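Presented below is the structure to which this report refers.
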Number of protein chains: 2
Amino acid sequence: MVIPVNQLRARGYRLTPQRLAILRVLNQVGTHRTPQEVYNLALKEIPGITEATVYRTLSFLTAQGLVLEAHVGNGQLVYECAEQVHHHLVCRACQATSMVDYADLQGVFRDLEQKTGYLIDSRHVALLGLCPDCQDKTEHTTNGKGER
Amino acid sequence: MVIPVNQLRARGYRLTPQRLAILRVLNQVGTHRTPQEVYNLALKEIPGITEATVYRTLSFLTAQGLVLEAHVGNGQLVYECAEQVHHHLVCRACQATSMVDYADLQGVFRDLEQKTGYLIDSRHVALLGLCPDCQDKTEHTTNGKGER
DNA sequence: TTGCTTATTGCAAATAGTTGCAATAACGAG
DNA sequence: CTCGTTATTGCAACTATTTGCAATAAGCAA
Ligand SMILES: [Mn+2]
Ligand SMILES: [Mn+2]
Ligand SMILES: [Zn+2]
Ligand SMILES: [Zn+2]
């Protein structure tokens, strides 16, 4: 997997060591990371890098489509490289996250586009709920009637 | 529309003036508000109320299902009363938000539940994209080929 | 290579949101 | 109505995130 150097430059943006480092960090870890975590990892590569730059760079890379961001329930924004787009199911109870095929939401997206005229381009949605395990654990507190 | 006083007490929580005021504020405005906005409005009713209390109360009311929260693209968390659940389409360009029937996403939710075993209970999803107007405005910069 | 333009960074100050803890006050029991 | 238990608040310190601005350094042209 290659960093799209050219892409950025072609669009008039600059290829700075900070941006490359952050992109590299996200590529290596492979999963979601908070800005703070990215900052700490990037610090090893670019000793002088600042948090402000990390925040700004993550937003920038997200806007450019090279990185995905998401709120995964705990209030923290997280980022990851955008190699393959996808969505998520996140457990409210244990924070477990599972992937959802991008294609699995395309249908609804298309339907909603028809109805509303909007062009929908969410590439990293997180839906909340309870994972199978946590459903079991809370089973004794429910009566199976599905009441809220 | 009535504040579910009993509900809260029945669950062992207390019905404080702060909670009532915040609930009232959200009921009156009817739409999404940021914690800061809620704070300023609540301040008129409870002069001594603090921001910490507002943040905590909004989380609490969300957990209790009396309030809905959502990230609507601009990085800000927003809250609103949970009279009728629904979802949203938000324009990345002009921030316009339109409602999406809750039922319109139920289908996918059920499908995903089948596939994954998760129980999905997101009651206020925000999907991002471009509203019809903003699509027109950026039309001249695209070539109709739909490239990213 | 050298110099110029200007996008990007670092810094510091500002704003937003969270948390521990002691004081307060809901509210059920008597 | 009075009292005791304990959930909730206010406060202050702390952490997270954003922003303005001057200094820096990509990247292009010569
Ligand atoms: Mn992801
Ligand atoms: Mn809403
Ligand atoms: Zn779980
Ligand atoms: Zn728009």
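Chain labels A, B, ... are given in the sequence in which chains occur in the structure tokens; within each chain residues are numbered consecutively from 1, and ligands are likewise numbered from 1 in the order shown.
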Residues of chain A within 12 Å of chain C, counting only C-alpha atoms (C1' of nucleotides), as a PyMOL selection string: chain A and resi 9+11-19+48-54+56-57+60+75-76
Throw together the list of residues within 8 Å of ligand 1, counting only C-alpha atoms (C1' of nucleotides) and all ligand atoms, and drop it here as a short mmCIF file (atom, residue, chain, number, x, y, z; two decimals) with all heavy atoms, in the first residue's frame.
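Wrote it out as selection_9.cif, contents follow:
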data_model
loop_
_atom_site.label_atom_id
_atom_site.label_comp_id
_atom_site.auth_asym_id
_atom_site.auth_seq_id
_atom_site.Cartn_x
_atom_site.Cartn_y
_atom_site.Cartn_z
N THR A 31 -5.63 -0.06 12.79
CA THR A 31 -6.97 0.17 13.33
C THR A 31 -7.16 1.61 13.81
O THR A 31 -6.29 2.44 13.63
CB THR A 31 -7.26 -0.78 14.51
OG1 THR A 31 -6.15 -0.74 15.40
CG2 THR A 31 -7.47 -2.20 14.01
N HIS A 32 -8.29 1.82 14.45
CA HIS A 32 -8.64 3.15 14.94
C HIS A 32 -7.69 3.64 16.01
O HIS A 32 -7.30 2.90 16.90
CB HIS A 32 -10.06 3.12 15.53
CG HIS A 32 -11.10 2.68 14.56
ND1 HIS A 32 -12.37 2.32 14.93
CD2 HIS A 32 -11.04 2.55 13.21
CE1 HIS A 32 -13.06 1.99 13.87
NE2 HIS A 32 -12.29 2.11 12.80
N LEU A 68 -10.00 7.90 7.47
CA LEU A 68 -11.39 7.86 7.88
C LEU A 68 -11.49 8.27 9.34
O LEU A 68 -10.62 7.92 10.15
CB LEU A 68 -11.95 6.44 7.75
CG LEU A 68 -11.93 5.79 6.37
CD1 LEU A 68 -12.41 4.33 6.47
CD2 LEU A 68 -12.77 6.57 5.39
N GLU A 69 -12.54 8.99 9.69
CA GLU A 69 -12.74 9.33 11.10
C GLU A 69 -14.10 8.83 11.54
O GLU A 69 -14.99 8.61 10.72
CB GLU A 69 -12.60 10.83 11.34
CG GLU A 69 -13.75 11.64 10.83
CD GLU A 69 -13.61 13.15 11.14
OE1 GLU A 69 -12.56 13.59 11.65
OE2 GLU A 69 -14.57 13.87 10.83
N ALA A 70 -14.26 8.62 12.83
CA ALA A 70 -15.57 8.17 13.33
C ALA A 70 -15.69 8.40 14.82
O ALA A 70 -14.69 8.42 15.55
CB ALA A 70 -15.76 6.69 13.03
N TYR A 79 -9.35 7.80 14.29
CA TYR A 79 -8.94 7.86 12.89
C TYR A 79 -8.27 6.57 12.46
O TYR A 79 -7.69 5.85 13.30
CB TYR A 79 -7.96 9.02 12.69
CG TYR A 79 -8.58 10.37 12.91
CD1 TYR A 79 -8.67 10.91 14.19
CD2 TYR A 79 -9.10 11.10 11.84
CE1 TYR A 79 -9.25 12.15 14.40
CE2 TYR A 79 -9.68 12.35 12.05
CZ TYR A 79 -9.75 12.87 13.32
OH TYR A 79 -10.33 14.09 13.53
N GLU A 80 -8.32 6.30 11.18
CA GLU A 80 -7.61 5.14 10.64
C GLU A 80 -7.36 5.39 9.16
O GLU A 80 -8.02 6.24 8.54
CB GLU A 80 -8.41 3.86 10.84
CG GLU A 80 -9.56 3.69 9.87
CD GLU A 80 -10.31 2.39 10.11
OE1 GLU A 80 -9.66 1.36 10.39
OE2 GLU A 80 -11.54 2.40 10.03
N VAL A 85 -12.74 1.20 2.59
CA VAL A 85 -13.81 1.84 3.36
C VAL A 85 -14.71 0.75 3.94
O VAL A 85 -14.77 -0.36 3.44
CB VAL A 85 -14.63 2.81 2.50
CG1 VAL A 85 -13.76 3.95 2.02
CG2 VAL A 85 -15.29 2.07 1.35
N HIS A 86 -15.37 1.10 5.02
CA HIS A 86 -16.23 0.14 5.72
C HIS A 86 -17.01 0.89 6.78
O HIS A 86 -16.76 2.06 7.03
CB HIS A 86 -15.38 -0.95 6.37
CG HIS A 86 -14.39 -0.39 7.32
ND1 HIS A 86 -13.07 -0.12 6.97
CD2 HIS A 86 -14.51 0.03 8.60
CE1 HIS A 86 -12.45 0.40 8.00
NE2 HIS A 86 -13.30 0.52 9.00
N HIS A 87 -17.93 0.19 7.42
CA HIS A 87 -18.68 0.79 8.52
C HIS A 87 -18.48 -0.07 9.76
O HIS A 87 -17.74 -1.05 9.72
CB HIS A 87 -20.15 0.89 8.14
CG HIS A 87 -20.39 1.63 6.87
ND1 HIS A 87 -20.15 2.99 6.74
CD2 HIS A 87 -20.83 1.23 5.65
CE1 HIS A 87 -20.43 3.37 5.51
NE2 HIS A 87 -20.84 2.33 4.82
N HIS A 88 -19.14 0.33 10.87
CA HIS A 88 -18.94 -0.41 12.11
C HIS A 88 -20.19 -0.61 12.93
O HIS A 88 -21.13 0.19 12.86
CB HIS A 88 -17.92 0.31 13.01
CG HIS A 88 -16.52 0.20 12.52
ND1 HIS A 88 -15.76 -0.93 12.66
CD2 HIS A 88 -15.73 1.08 11.87
CE1 HIS A 88 -14.57 -0.74 12.13
NE2 HIS A 88 -14.52 0.48 11.64
N MET A 99 -16.79 -4.98 12.04
CA MET A 99 -16.87 -4.30 10.75
C MET A 99 -18.17 -4.64 10.03
O MET A 99 -18.72 -5.72 10.20
CB MET A 99 -15.71 -4.73 9.87
CG MET A 99 -14.47 -3.92 10.09
SD MET A 99 -13.44 -4.05 8.62
CE MET A 99 -12.02 -3.09 9.15
N HIS A 124 -17.86 5.84 6.67
CA HIS A 124 -17.36 5.22 7.91
C HIS A 124 -18.36 5.46 9.03
O HIS A 124 -18.08 6.16 9.99
CB HIS A 124 -16.00 5.83 8.25
CG HIS A 124 -15.17 5.00 9.16
ND1 HIS A 124 -14.31 5.55 10.09
CD2 HIS A 124 -15.06 3.67 9.30
CE1 HIS A 124 -13.70 4.58 10.73
NE2 HIS A 124 -14.13 3.43 10.28
#
Environment of ligand 4 within 6 Å, counting only C-alpha atoms (C1' of nucleotides) and all ligand atoms, reported as a list in words: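 Checking only C-alpha atoms (C1' of nucleotides) and all ligand atoms against ligand 4 at 6 Å gives Cys91, Ala93, Cys94, Gln95, Ala96, Leu130, Cys131, Asp133 and Cys134 of chain B.
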Chain D contacts to chain B at 10 Å (only C-alpha atoms (C1' of nucleotides)) as an NGL selection string: :D and (7-11)
Residue list (strand (DSSP E or B), DSSP) for chain A, as a PyMOL selection string: chain A and resi 33+67-71+77-81+87-91+97-100+119-120+126-130
